[in-house]
Amino acid sequence: MLNEMLEYQKEEQTKISLENELLKSKDREQASLIQQTLKKQHSDLISLEKSAQKINELYNSAISKYNEYMKKLEALETEIQNADPEKSEVYEKMYKDFAQVGASLEKNVTNIYKDVQQINKEYEDIINKSKVDRKKFDTFKAAFSKLKAEKEPKINELQESMAKVQKKIDPKIFAIYSQKRESHIFPVFVPLTENKCGGCRMEVPASKLNKMKDSELGIIECESCGRYIYQK
């Protein structure tokens, strides 16, 4: 009565093994990790582009102010040359004060330019690293695609075979199987081996063994692991 059910379970076990090979593939894992890295790099590039835009605006504004200052400085120098000697001290003080403003503007322009250079360097570093990571990603992805192309047809064949076998299984037995599978128990049906559960290896009481003989389906539920035990 259990033959078809055990055949179904065996095929599902093979199917699970193949699926686990894909799921736990090192190539898949590495490709996934690098993909996350590439996504972060892309996000970082977008942030740098926004920062570069703001810095560029600040730089252009600073240059504009500096150029305006230089024009005013030239005009002031002309005024000083033509100034009344009695007012020379006043103009000299104005010149010194103005020169301090100029120095501050020049320093601001220099600092902003350094920020621009730093952003450009970070941008180039990310671009270069992305190229390397992209090659690694393509390599791991290709290897996983090859494994997937090898395993998926076998998985599909097993799925089709399981569907055919299921039609031959007693609905009562398959209902028991499905319920246990929903509880993530696998294998569901295990043999009795030396009066022990074939799943968890716990001793089966004699009283339970007698129930197995009287059971309609010839199975008993293990009190320890919840699997169903059958007599070989």
# chains A, B, ... in the order shown; residues from 1 in each chain; ligands from 1

$ residues_around --residues "region 138-144 of chain A" --least-positions-apart "5" --cutoff "7 Å" --atoms "only C-alpha atoms" --output "number ranges by chain"
A: 27-28, 30-31

$ closest_residue --among "A:Ile220, A:Cys200, A:Leu48, A:Ile173" --to "Lys121 (chain A)" --atoms "only C-alpha atoms"
A:Leu48

$ closest_residue --among "A:Ile55, A:Ile176, A:Leu2, A:Ile16" --to "Lys114 (chain A)" --atoms "only C-alpha atoms"
A:Ile55

$ select_by_dssp --residues "region 4-224 of chain A" --states "strand (DSSP E)" --output "count of residues only"
10

$ closest_residue --among "A:Phe137, A:Lys211, A:Glu182, A:Gln159" --to "Glu29 (chain A)" --atoms "only C-alpha atoms"
A:Phe137

$ closest_atom_pairs --of "region 2-96 of chain A" --to "region 227-230 of chain A" --cutoff "12 Å" --atoms "only C-alpha atoms" --output "Markdown table"
| residue | atom | partner | partner_atom | distance |
| --- | --- | --- | --- | --- |
| A:Leu2 | CA | A:Tyr230 | CA | 8.6 |
| A:Asn3 | CA | A:Tyr230 | CA | 11.0 |
| A:Met5 | CA | A:Tyr230 | CA | 11.6 |
| A:Leu6 | CA | A:Tyr230 | CA | 10.4 |

$ select_by_dssp --residues "region 162-228 of chain A" --states "alpha helix (DSSP H)" --output "tab-separated table (two decimals) with C-alpha atoms, in the first residue's frame"
chain	number	residue	atom	x	y	z
A	162	MET	CA	5.86	12.82	-8.99
A	163	ALA	CA	2.60	14.11	-10.44
A	164	LYS	CA	2.04	10.78	-12.21
A	165	VAL	CA	2.93	8.71	-9.13
A	166	GLN	CA	0.64	10.81	-6.93
A	171	PRO	CA	-5.62	9.75	-0.84
A	172	LYS	CA	-5.59	8.98	2.91
A	173	ILE	CA	-1.87	8.31	2.84
A	174	PHE	CA	-1.10	11.35	0.70
A	175	ALA	CA	-3.14	13.55	3.03
A	176	ILE	CA	-0.97	12.37	5.94
A	177	TYR	CA	2.14	13.03	3.89
A	178	SER	CA	1.03	16.53	2.87
A	179	GLN	CA	0.17	17.48	6.45
A	180	LYS	CA	3.63	16.51	7.69
A	181	ARG	CA	5.33	18.27	4.78
A	182	GLU	CA	3.51	21.46	5.70
A	206	ALA	CA	6.14	-2.60	22.26
A	207	SER	CA	2.62	-1.21	22.69
A	208	LYS	CA	3.16	1.02	19.64
A	209	LEU	CA	4.51	-1.88	17.62
A	210	ASN	CA	1.30	-3.82	18.28
A	211	LYS	CA	-0.71	-0.84	17.04
A	212	MET	CA	1.27	-0.92	13.81
A	213	LYS	CA	-0.03	-4.43	13.11
A	214	ASP	CA	-3.60	-3.39	13.79

$ residues_around --residues "region 64-67 of chain A" --least-positions-apart "3" --cutoff "10 Å" --atoms "only C-alpha atoms" --output "list in words"
Leu58, Tyr59, Asn60, Ser61, Met70, Lys71, Lys72, Leu73, Val101, Gly102, Ala103, Ser104, Leu105, Glu106, Asn108 and Val109 of chain A

$ write_last_selection --atoms "N, CA, C and O atoms" --output "JSON list (two decimals), in the first residue's frame"
[["chain", "number", "residue", "atom", "x", "y", "z"],
["A", 58, "LEU", "N", 28.90, 75.80, -5.87],
["A", 58, "LEU", "CA", 29.64, 76.60, -4.89],
["A", 58, "LEU", "C", 30.94, 77.14, -5.49],
["A", 58, "LEU", "O", 31.32, 78.30, -5.25],
["A", 59, "TYR", "N", 31.60, 76.30, -6.26],
["A", 59, "TYR", "CA", 32.87, 76.70, -6.88],
["A", 59, "TYR", "C", 32.65, 77.84, -7.87],
["A", 59, "TYR", "O", 33.39, 78.84, -7.86],
["A", 60, "ASN", "N", 31.64, 77.70, -8.71],
["A", 60, "ASN", "CA", 31.34, 78.74, -9.69],
["A", 60, "ASN", "C", 30.97, 80.05, -9.00],
["A", 60, "ASN", "O", 31.36, 81.14, -9.44],
["A", 61, "SER", "N", 30.20, 79.93, -7.90],
["A", 61, "SER", "CA", 29.82, 81.12, -7.14],
["A", 61, "SER", "C", 31.03, 81.79, -6.51],
["A", 61, "SER", "O", 31.17, 83.02, -6.53],
["A", 70, "MET", "N", 38.47, 91.06, -7.54],
["A", 70, "MET", "CA", 39.67, 91.49, -8.26],
["A", 70, "MET", "C", 39.41, 92.78, -9.03],
["A", 70, "MET", "O", 40.28, 93.66, -9.10],
["A", 71, "LYS", "N", 38.23, 92.92, -9.59],
["A", 71, "LYS", "CA", 37.89, 94.15, -10.31],
["A", 71, "LYS", "C", 37.84, 95.34, -9.35],
["A", 71, "LYS", "O", 38.34, 96.43, -9.66],
["A", 72, "LYS", "N", 37.21, 95.09, -8.18],
["A", 72, "LYS", "CA", 37.13, 96.16, -7.17],
["A", 72, "LYS", "C", 38.51, 96.52, -6.65],
["A", 72, "LYS", "O", 38.81, 97.68, -6.34],
["A", 73, "LEU", "N", 39.38, 95.49, -6.52],
["A", 73, "LEU", "CA", 40.74, 95.73, -6.04],
["A", 73, "LEU", "C", 41.52, 96.59, -7.03],
["A", 73, "LEU", "O", 42.24, 97.51, -6.64],
["A", 101, "VAL", "N", 39.90, 90.41, 2.84],
["A", 101, "VAL", "CA", 38.71, 89.81, 2.23],
["A", 101, "VAL", "C", 39.12, 88.96, 1.03],
["A", 101, "VAL", "O", 38.63, 87.84, 0.84],
["A", 102, "GLY", "N", 40.04, 89.48, 0.25],
["A", 102, "GLY", "CA", 40.52, 88.74, -0.92],
["A", 102, "GLY", "C", 41.18, 87.43, -0.54],
["A", 102, "GLY", "O", 40.99, 86.40, -1.19],
["A", 103, "ALA", "N", 41.98, 87.47, 0.51],
["A", 103, "ALA", "CA", 42.68, 86.26, 0.96],
["A", 103, "ALA", "C", 41.67, 85.20, 1.40],
["A", 103, "ALA", "O", 41.85, 84.00, 1.14],
["A", 104, "SER", "N", 40.62, 85.67, 2.07],
["A", 104, "SER", "CA", 39.57, 84.75, 2.53],
["A", 104, "SER", "C", 38.85, 84.12, 1.34],
["A", 104, "SER", "O", 38.58, 82.91, 1.32],
["A", 105, "LEU", "N", 38.58, 84.93, 0.32],
["A", 105, "LEU", "CA", 37.91, 84.42, -0.88],
["A", 105, "LEU", "C", 38.80, 83.42, -1.61],
["A", 105, "LEU", "O", 38.35, 82.38, -2.07],
["A", 106, "GLU", "N", 40.07, 83.74, -1.69],
["A", 106, "GLU", "CA", 41.01, 82.85, -2.38],
["A", 106, "GLU", "C", 41.12, 81.50, -1.66],
["A", 106, "GLU", "O", 41.17, 80.44, -2.28],
["A", 108, "ASN", "N", 38.83, 80.18, 0.21],
["A", 108, "ASN", "CA", 37.55, 79.47, 0.00],
["A", 108, "ASN", "C", 37.53, 78.77, -1.34],
["A", 108, "ASN", "O", 37.11, 77.62, -1.46],
["A", 109, "VAL", "N", 38.01, 79.46, -2.38],
["A", 109, "VAL", "CA", 38.07, 78.87, -3.72],
["A", 109, "VAL", "C", 38.99, 77.65, -3.73],
["A", 109, "VAL", "O", 38.66, 76.60, -4.30]]
